Amino acid sequence: MKILVVEDDNVQRDLLVGALKKEYNISGVPSGEAAVELLQREVYDIILMDMNLGTTDGITTMKEIHKINPEIIIIIITAYGNVENAVNAIKEGAYDYLTKPIDLTKLKLTIKRAIETKQLTQENKILKTEIGEKYGFDNIIGNSTAIQEVLNQVARVSKSSSTVLILGESGTGKELIAKAIHYSSLRTAYPFVPVACAALPDTLLEAELFGYEKGAFTGAQQERKGRFEIADKGTLFLDEIGDIPLSTQVKLLRVLQEQEFEKLGSNKPIKVDVRVISATNQPLEQRIKEGTFREDLYYRLNVVPIIIPPLRERKEDISLLIEHFLKKYGTKIGKTIEGINSEAKEILLRYNWPGNVRELENIIERAVVMTRNNIIQPDDLPKTVLTTGKAKDNFSIEYMEKLHIEEVLKKTNWNLTKSAELLKIHRNTLREKIRNLHIVK
């Protein structure tokens, strides 16, 4: 860390430099003008600056310095009579202030805290970059009008703290959208905490969300924080919100209204600042009519609804998704995959995708793992995709025929005579089909 002392009193400046030179790379200048000139040529991390610098004042100099480098940490040094000015300097961007005569122990402690702050800021910048690459908008693949509208909604809602309800079928990427909202919001430096509500029994969900005190129930051997407390200042993502029991819905409603809750076994309220994003693949309006979901909670959760279209309604995105997943899993597995041939791609484009993007990703991963080629072939796709696709062109008929012949050959343990009889074709015809359809044992 490089420290610059800006002090017009030569004795004070020399004392400060001398006291810190064993621990830091430190130097000094006698004026604000000299500091500004030096900082245009050299980089410093921390500046110790007198409030009164003769021809210039500290606030003016600080503003000039921050124009050069807004990340420089400035600690103001002031006489007792100028404390009010020092407080104003903090409002203008100074890190802290110290009064003369300088307490050396306090000075070193302040510098230590400043270094920690700077390191944390740098780490957060790196983390935000990494998170942005992993969870940002670039990871949501698609050029279709439908997905672009979703991204526009995400961009608009990210800047607020409103609750969001993400609606869509399983496999459409609801958690990915929730992460994009969080990591492009002002809460990005704080936790994103997901909860799969359907994966937890009713008896455990409440304890998971709100935490519990030691002895709150059998097996509660120590105090535990709940997800709401862990997510303080960040975002709590409640996936499959339609599956939570009515008793937990009551407590969830209170948190949304009051931003406070009690742990199980405690009557002490805990205040939190949490943004809630929830998701469901269920028609909550129907659940309300059935009496299994509270209407007042629904309206609290549904402040901003975002509907993710199923993959069958944005098939123009399938080619982009295929390319993305081929690259992802080719790199992950260490295979050189150059692409997918036209026949295999056409099968995927015609398939109805009941499992949406998740199903497509799983199929591409499987194809990359299993293929013996550097270009994905129809042979590399699962039989369900080949047989349930609605394509009626010749190559799809051929591949359905291939599947049928493979099943018969397997059934007869590759006895060509028996297989030909079952298929009601000549044995030589079967041999030809095996060759032309690239059927291998």
# chains A, B, ... in the order shown; residues from 1 in each chain; ligands from 1
>>> select_by_dssp(residues="stretch 155-335 of chain A", states="strand (DSSP E)", output="PyMOL selection string")
chain A and resi 164-167+192-196+211-212+224-225+235-239+260-261+270-271+275-280+304-307
>>> residues_around(residues="stretch 329-332 of chain A", least_positions_apart="6", cutoff="8 Å", atoms="only C-alpha atoms", output="PyMOL selection string")
chain A and resi 364-365+368
>>> residues_around(residues="A:Tyr95", least_positions_apart="4", cutoff="10 Å", atoms="only C-alpha atoms", output="list in words")
Ile46, Ile47, Ile72, Ile73, Ile74, Ile75, Ile76, Ala89, Ile90, Lys91, Thr110, Arg113, Ala114 and Thr117 of chain A
>>> write_last_selection(atoms="C-alpha atoms", output="short mmCIF file (atom, residue, chain, number, x, y, z; two decimals), in the first residue's frame")
data_model
loop_
_atom_site.label_atom_id
_atom_site.label_comp_id
_atom_site.auth_asym_id
_atom_site.auth_seq_id
_atom_site.Cartn_x
_atom_site.Cartn_y
_atom_site.Cartn_z
CA ILE A 46 -4.33 6.21 0.87
CA ILE A 47 -3.86 9.93 1.48
CA ILE A 72 -8.27 6.74 -3.37
CA ILE A 73 -9.05 6.68 0.36
CA ILE A 74 -8.57 10.09 1.98
CA ILE A 75 -8.15 10.53 5.76
CA ILE A 76 -8.49 14.14 6.88
CA ALA A 89 -15.37 16.51 4.20
CA ILE A 90 -16.63 13.02 5.09
CA LYS A 91 -19.96 13.94 3.55
CA THR A 110 -7.47 4.03 11.07
CA ARG A 113 -9.25 -0.17 8.67
CA ALA A 114 -8.84 1.87 5.49
CA THR A 117 -11.96 -1.37 3.28
#
>>> residues_around(residues="A:Asn415", least_positions_apart="4", cutoff="12 Å", atoms="only C-alpha atoms", output="number ranges by chain")
A: 405-406, 408-411, 419-422, 427, 430-431, 441
>>> write_last_selection(atoms="C-alpha atoms", output="compact mmCIF listing (two decimals), in the first residue's frame")
# COMPACT_ATOMS: atom_id res chain seq x y z
CA ILE A 405 -34.91 -52.69 -36.51
CA GLU A 406 -32.51 -52.14 -33.59
CA VAL A 408 -35.87 -56.47 -33.17
CA LEU A 409 -32.14 -57.26 -33.52
CA LYS A 410 -31.67 -56.83 -29.80
CA LYS A 411 -34.66 -59.09 -29.11
CA SER A 419 -35.01 -60.78 -37.23
CA ALA A 420 -35.86 -60.81 -40.94
CA GLU A 421 -38.80 -63.11 -40.23
CA LEU A 422 -40.15 -60.81 -37.52
CA ARG A 427 -32.51 -61.51 -44.93
CA LEU A 430 -32.15 -56.64 -43.64
CA ARG A 431 -28.39 -56.69 -44.24
CA LYS A 441 -24.12 -54.15 -32.67
>>> closest_residue(among="A:Glu206, A:Asp14, A:Glu316, A:Glu323", to="A:Val250", atoms="only C-alpha atoms")
A:Glu206
>>> residues_around(residues="A:Gln282", least_positions_apart="2", cutoff="10 Å", atoms="only C-alpha atoms", output="ChimeraX atom specification")
/A:167-170,240-243,279-280,284-287
>>> residues_around(residues="A:Leu38", least_positions_apart="3", cutoff="12 Å", atoms="only C-alpha atoms", output="list in words")
Leu4, Val5, Val6, Ser27, Gly28, Val29, Pro30, Ser31, Gly32, Glu33, Ala34, Ala35, Arg41, Glu42, Val43, Tyr44, Ile65 and Ile68 of chain A
>>> write_last_selection(atoms="N, CA and C atoms", output="compact mmCIF listing (two decimals), in the first residue's frame")
# COMPACT_ATOMS: atom_id res chain seq x y z
N LEU A 4 0.35 8.71 0.84
CA LEU A 4 0.86 10.06 0.60
C LEU A 4 0.38 10.98 1.70
N VAL A 5 1.32 11.71 2.33
CA VAL A 5 0.97 12.70 3.35
C VAL A 5 0.97 14.07 2.70
N VAL A 6 -0.16 14.78 2.80
CA VAL A 6 -0.29 16.13 2.24
C VAL A 6 -0.40 17.09 3.43
N SER A 27 5.35 8.69 1.45
CA SER A 27 6.07 9.92 1.10
C SER A 27 5.16 11.10 1.40
N GLY A 28 5.71 12.33 1.27
CA GLY A 28 4.92 13.51 1.60
C GLY A 28 5.14 14.65 0.63
N VAL A 29 4.11 15.52 0.53
CA VAL A 29 4.19 16.75 -0.27
C VAL A 29 3.64 17.90 0.56
N PRO A 30 4.06 19.16 0.26
CA PRO A 30 3.71 20.28 1.12
C PRO A 30 2.42 21.02 0.76
N SER A 31 1.75 20.63 -0.34
CA SER A 31 0.57 21.40 -0.74
C SER A 31 -0.41 20.54 -1.53
N GLY A 32 -1.65 21.06 -1.63
CA GLY A 32 -2.66 20.38 -2.42
C GLY A 32 -2.29 20.35 -3.89
N GLU A 33 -1.72 21.45 -4.39
CA GLU A 33 -1.31 21.50 -5.80
C GLU A 33 -0.25 20.45 -6.10
N ALA A 34 0.69 20.29 -5.18
CA ALA A 34 1.75 19.30 -5.38
C ALA A 34 1.18 17.88 -5.37
N ALA A 35 0.17 17.66 -4.50
CA ALA A 35 -0.45 16.34 -4.44
C ALA A 35 -1.17 16.00 -5.74
N ARG A 41 0.84 11.42 -12.03
CA ARG A 41 1.96 10.61 -12.51
C ARG A 41 2.11 9.29 -11.77
N GLU A 42 1.70 9.24 -10.49
CA GLU A 42 1.88 8.06 -9.67
C GLU A 42 0.56 7.64 -9.02
N VAL A 43 0.48 6.36 -8.67
CA VAL A 43 -0.73 5.82 -8.04
C VAL A 43 -0.49 5.62 -6.54
N TYR A 44 -1.41 6.16 -5.74
CA TYR A 44 -1.38 5.98 -4.29
C TYR A 44 -2.71 5.37 -3.85
N ILE A 65 -8.55 15.42 -6.33
CA ILE A 65 -7.91 14.10 -6.26
C ILE A 65 -8.88 13.01 -6.72
N ILE A 68 -9.16 12.48 -10.34
CA ILE A 68 -8.08 11.69 -10.91
C ILE A 68 -8.28 10.21 -10.61
>>> closest_residue(among="A:Ala198, A:Val369, A:Ile375, A:Leu416", to="A:Glu338", atoms="only C-alpha atoms")
A:Ile375
>>> closest_residue(among="A:Ile115, A:Met51, A:Val274, A:Ile59", to="A:Ile3", atoms="only C-alpha atoms")
A:Ile115
>>> closest_residue(among="A:Glu359, A:Asp379, A:Glu262, A:Glu37", to="A:Leu437", atoms="only C-alpha atoms")
A:Asp379
>>> decode(residues="stretch 288-334 of chain A", atoms="N, CA and C atoms", output="PDB file, in the first residue's frame")
ATOM      1  N   ILE A 288     -56.094 -20.732  -4.754  1.00  0.00           N
ATOM      2  CA  ILE A 288     -56.868 -19.836  -3.889  1.00  0.00           C
ATOM      3  C   ILE A 288     -58.324 -20.293  -3.830  1.00  0.00           C
ATOM      4  N   LYS A 289     -58.888 -20.632  -4.988  1.00  0.00           N
ATOM      5  CA  LYS A 289     -60.280 -21.116  -5.035  1.00  0.00           C
ATOM      6  C   LYS A 289     -60.443 -22.403  -4.239  1.00  0.00           C
ATOM      7  N   GLU A 290     -59.393 -23.235  -4.241  1.00  0.00           N
ATOM      8  CA  GLU A 290     -59.449 -24.505  -3.510  1.00  0.00           C
ATOM      9  C   GLU A 290     -59.225 -24.319  -2.016  1.00  0.00           C
ATOM     10  N   GLY A 291     -58.794 -23.110  -1.618  1.00  0.00           N
ATOM     11  CA  GLY A 291     -58.569 -22.838  -0.208  1.00  0.00           C
ATOM     12  C   GLY A 291     -57.227 -23.286   0.307  1.00  0.00           C
ATOM     13  N   THR A 292     -56.291 -23.582  -0.590  1.00  0.00           N
ATOM     14  CA  THR A 292     -54.964 -24.043  -0.169  1.00  0.00           C
ATOM     15  C   THR A 292     -53.886 -22.965  -0.294  1.00  0.00           C
ATOM     16  N   PHE A 293     -54.257 -21.788  -0.781  1.00  0.00           N
ATOM     17  CA  PHE A 293     -53.297 -20.685  -0.868  1.00  0.00           C
ATOM     18  C   PHE A 293     -54.024 -19.387  -0.507  1.00  0.00           C
ATOM     19  N   ARG A 294     -53.387 -18.588   0.360  1.00  0.00           N
ATOM     20  CA  ARG A 294     -54.013 -17.355   0.852  1.00  0.00           C
ATOM     21  C   ARG A 294     -54.032 -16.286  -0.240  1.00  0.00           C
ATOM     22  N   GLU A 295     -55.173 -15.664  -0.402  1.00  0.00           N
ATOM     23  CA  GLU A 295     -55.309 -14.635  -1.426  1.00  0.00           C
ATOM     24  C   GLU A 295     -54.471 -13.408  -1.083  1.00  0.00           C
ATOM     25  N   ASP A 296     -54.442 -13.017   0.217  1.00  0.00           N
ATOM     26  CA  ASP A 296     -53.667 -11.837   0.606  1.00  0.00           C
ATOM     27  C   ASP A 296     -52.175 -12.059   0.385  1.00  0.00           C
ATOM     28  N   LEU A 297     -51.685 -13.286   0.606  1.00  0.00           N
ATOM     29  CA  LEU A 297     -50.271 -13.593   0.340  1.00  0.00           C
ATOM     30  C   LEU A 297     -49.992 -13.536  -1.156  1.00  0.00           C
ATOM     31  N   TYR A 298     -50.909 -14.052  -1.946  1.00  0.00           N
ATOM     32  CA  TYR A 298     -50.756 -14.032  -3.406  1.00  0.00           C
ATOM     33  C   TYR A 298     -50.537 -12.605  -3.909  1.00  0.00           C
ATOM     34  N   TYR A 299     -51.345 -11.665  -3.414  1.00  0.00           N
ATOM     35  CA  TYR A 299     -51.208 -10.282  -3.881  1.00  0.00           C
ATOM     36  C   TYR A 299     -49.915  -9.640  -3.385  1.00  0.00           C
ATOM     37  N   ARG A 300     -49.433 -10.061  -2.215  1.00  0.00           N
ATOM     38  CA  ARG A 300     -48.146  -9.570  -1.718  1.00  0.00           C
ATOM     39  C   ARG A 300     -46.987 -10.074  -2.578  1.00  0.00           C
ATOM     40  N   LEU A 301     -47.091 -11.321  -3.009  1.00  0.00           N
ATOM     41  CA  LEU A 301     -46.020 -11.914  -3.811  1.00  0.00           C
ATOM     42  C   LEU A 301     -46.062 -11.457  -5.259  1.00  0.00           C
ATOM     43  N   ASN A 302     -47.253 -11.158  -5.739  1.00  0.00           N
ATOM     44  CA  ASN A 302     -47.468 -10.917  -7.170  1.00  0.00           C
ATOM     45  C   ASN A 302     -47.450  -9.431  -7.522  1.00  0.00           C
ATOM     46  N   VAL A 303     -46.573  -8.671  -6.857  1.00  0.00           N
ATOM     47  CA  VAL A 303     -46.472  -7.238  -7.167  1.00  0.00           C
ATOM     48  C   VAL A 303     -45.998  -7.050  -8.602  1.00  0.00           C
ATOM     49  N   VAL A 304     -44.936  -7.774  -8.971  1.00  0.00           N
ATOM     50  CA  VAL A 304     -44.440  -7.738 -10.352  1.00  0.00           C
ATOM     51  C   VAL A 304     -44.389  -9.176 -10.876  1.00  0.00           C
ATOM     52  N   PRO A 305     -45.324  -9.579 -11.726  1.00  0.00           N
ATOM     53  CA  PRO A 305     -45.272 -10.929 -12.292  1.00  0.00           C
ATOM     54  C   PRO A 305     -44.403 -10.971 -13.549  1.00  0.00           C
ATOM     55  N   ILE A 306     -43.606 -12.012 -13.671  1.00  0.00           N
ATOM     56  CA  ILE A 306     -42.813 -12.244 -14.884  1.00  0.00           C
ATOM     57  C   ILE A 306     -43.142 -13.646 -15.375  1.00  0.00           C
ATOM     58  N   ILE A 307     -43.657 -13.743 -16.588  1.00  0.00           N
ATOM     59  CA  ILE A 307     -44.058 -15.031 -17.152  1.00  0.00           C
ATOM     60  C   ILE A 307     -42.993 -15.493 -18.146  1.00  0.00           C
ATOM     61  N   ILE A 308     -42.402 -16.661 -17.873  1.00  0.00           N
ATOM     62  CA  ILE A 308     -41.380 -17.213 -18.771  1.00  0.00           C
ATOM     63  C   ILE A 308     -42.063 -18.160 -19.750  1.00  0.00           C
ATOM     64  N   PRO A 309     -41.949 -17.904 -21.034  1.00  0.00           N
ATOM     65  CA  PRO A 309     -42.623 -18.765 -22.015  1.00  0.00           C
ATOM     66  C   PRO A 309     -41.953 -20.130 -22.101  1.00  0.00           C
ATOM     67  N   PRO A 310     -42.726 -21.197 -22.368  1.00  0.00           N
ATOM     68  CA  PRO A 310     -42.118 -22.522 -22.572  1.00  0.00           C
ATOM     69  C   PRO A 310     -41.312 -22.543 -23.854  1.00  0.00           C
ATOM     70  N   LEU A 311     -40.400 -23.480 -23.956  1.00  0.00           N
ATOM     71  CA  LEU A 311     -39.493 -23.541 -25.105  1.00  0.00           C
ATOM     72  C   LEU A 311     -40.250 -23.769 -26.414  1.00  0.00           C
ATOM     73  N   ARG A 312     -41.367 -24.482 -26.374  1.00  0.00           N
ATOM     74  CA  ARG A 312     -42.135 -24.741 -27.602  1.00  0.00           C
ATOM     75  C   ARG A 312     -42.737 -23.463 -28.186  1.00  0.00           C
ATOM     76  N   GLU A 313     -42.804 -22.398 -27.368  1.00  0.00           N
ATOM     77  CA  GLU A 313     -43.341 -21.128 -27.844  1.00  0.00           C
ATOM     78  C   GLU A 313     -42.239 -20.164 -28.268  1.00  0.00           C
ATOM     79  N   ARG A 314     -40.998 -20.584 -28.168  1.00  0.00           N
ATOM     80  CA  ARG A 314     -39.889 -19.751 -28.641  1.00  0.00           C
ATOM     81  C   ARG A 314     -38.830 -20.625 -29.321  1.00  0.00           C
ATOM     82  N   LYS A 315     -39.311 -21.387 -30.295  1.00  0.00           N
ATOM     83  CA  LYS A 315     -38.430 -22.354 -30.956  1.00  0.00           C
ATOM     84  C   LYS A 315     -37.306 -21.700 -31.741  1.00  0.00           C
ATOM     85  N   GLU A 316     -37.463 -20.403 -32.042  1.00  0.00           N
ATOM     86  CA  GLU A 316     -36.375 -19.708 -32.732  1.00  0.00           C
ATOM     87  C   GLU A 316     -35.129 -19.592 -31.858  1.00  0.00           C
ATOM     88  N   ASP A 317     -35.280 -19.867 -30.535  1.00  0.00           N
ATOM     89  CA  ASP A 317     -34.126 -19.821 -29.632  1.00  0.00           C
ATOM     90  C   ASP A 317     -33.397 -21.162 -29.524  1.00  0.00           C
ATOM     91  N   ILE A 318     -33.988 -22.226 -30.073  1.00  0.00           N
ATOM     92  CA  ILE A 318     -33.422 -23.561 -29.868  1.00  0.00           C
ATOM     93  C   ILE A 318     -32.027 -23.679 -30.466  1.00  0.00           C
ATOM     94  N   SER A 319     -31.809 -23.138 -31.659  1.00  0.00           N
ATOM     95  CA  SER A 319     -30.485 -23.230 -32.293  1.00  0.00           C
ATOM     96  C   SER A 319     -29.416 -22.556 -31.439  1.00  0.00           C
ATOM     97  N   LEU A 320     -29.730 -21.380 -30.893  1.00  0.00           N
ATOM     98  CA  LEU A 320     -28.778 -20.680 -30.025  1.00  0.00           C
ATOM     99  C   LEU A 320     -28.489 -21.479 -28.766  1.00  0.00           C
ATOM    100  N   LEU A 321     -29.529 -22.073 -28.193  1.00  0.00           N
ATOM    101  CA  LEU A 321     -29.347 -22.874 -26.983  1.00  0.00           C
ATOM    102  C   LEU A 321     -28.502 -24.113 -27.269  1.00  0.00           C
ATOM    103  N   ILE A 322     -28.727 -24.733 -28.410  1.00  0.00           N
ATOM    104  CA  ILE A 322     -27.925 -25.911 -28.781  1.00  0.00           C
ATOM    105  C   ILE A 322     -26.454 -25.536 -28.861  1.00  0.00           C
ATOM    106  N   GLU A 323     -26.144 -24.436 -29.561  1.00  0.00           N
ATOM    107  CA  GLU A 323     -24.751 -23.982 -29.683  1.00  0.00           C
ATOM    108  C   GLU A 323     -24.146 -23.696 -28.311  1.00  0.00           C
ATOM    109  N   HIS A 324     -24.927 -23.042 -27.456  1.00  0.00           N
ATOM    110  CA  HIS A 324     -24.442 -22.694 -26.111  1.00  0.00           C
ATOM    111  C   HIS A 324     -24.107 -23.945 -25.305  1.00  0.00           C
ATOM    112  N   PHE A 325     -25.009 -24.926 -25.308  1.00  0.00           N
ATOM    113  CA  PHE A 325     -24.796 -26.136 -24.511  1.00  0.00           C
ATOM    114  C   PHE A 325     -23.708 -27.029 -25.107  1.00  0.00           C
ATOM    115  N   LEU A 326     -23.579 -27.054 -26.440  1.00  0.00           N
ATOM    116  CA  LEU A 326     -22.485 -27.813 -27.054  1.00  0.00           C
ATOM    117  C   LEU A 326     -21.134 -27.262 -26.611  1.00  0.00           C
ATOM    118  N   LYS A 327     -21.022 -25.946 -26.609  1.00  0.00           N
ATOM    119  CA  LYS A 327     -19.772 -25.312 -26.190  1.00  0.00           C
ATOM    120  C   LYS A 327     -19.514 -25.554 -24.702  1.00  0.00           C
ATOM    121  N   LYS A 328     -20.565 -25.406 -23.901  1.00  0.00           N
ATOM    122  CA  LYS A 328     -20.444 -25.566 -22.447  1.00  0.00           C
ATOM    123  C   LYS A 328     -19.961 -26.962 -22.081  1.00  0.00           C
ATOM    124  N   TYR A 329     -20.623 -27.991 -22.630  1.00  0.00           N
ATOM    125  CA  TYR A 329     -20.291 -29.356 -22.226  1.00  0.00           C
ATOM    126  C   TYR A 329     -19.095 -29.917 -22.991  1.00  0.00           C
ATOM    127  N   GLY A 330     -18.834 -29.414 -24.188  1.00  0.00           N
ATOM    128  CA  GLY A 330     -17.611 -29.787 -24.874  1.00  0.00           C
ATOM    129  C   GLY A 330     -16.394 -29.362 -24.068  1.00  0.00           C
ATOM    130  N   THR A 331     -16.439 -28.128 -23.561  1.00  0.00           N
ATOM    131  CA  THR A 331     -15.352 -27.607 -22.728  1.00  0.00           C
ATOM    132  C   THR A 331     -15.266 -28.355 -21.405  1.00  0.00           C
ATOM    133  N   LYS A 332     -16.416 -28.579 -20.774  1.00  0.00           N
ATOM    134  CA  LYS A 332     -16.446 -29.239 -19.468  1.00  0.00           C
ATOM    135  C   LYS A 332     -15.910 -30.660 -19.534  1.00  0.00           C
ATOM    136  N   ILE A 333     -16.297 -31.386 -20.574  1.00  0.00           N
ATOM    137  CA  ILE A 333     -15.910 -32.796 -20.684  1.00  0.00           C
ATOM    138  C   ILE A 333     -14.557 -32.958 -21.360  1.00  0.00           C
ATOM    139  N   GLY A 334     -14.124 -31.936 -22.087  1.00  0.00           N
ATOM    140  CA  GLY A 334     -12.830 -32.001 -22.758  1.00  0.00           C
ATOM    141  C   GLY A 334     -12.893 -32.627 -24.127  1.00  0.00           C
TER     142      GLY A 334
END
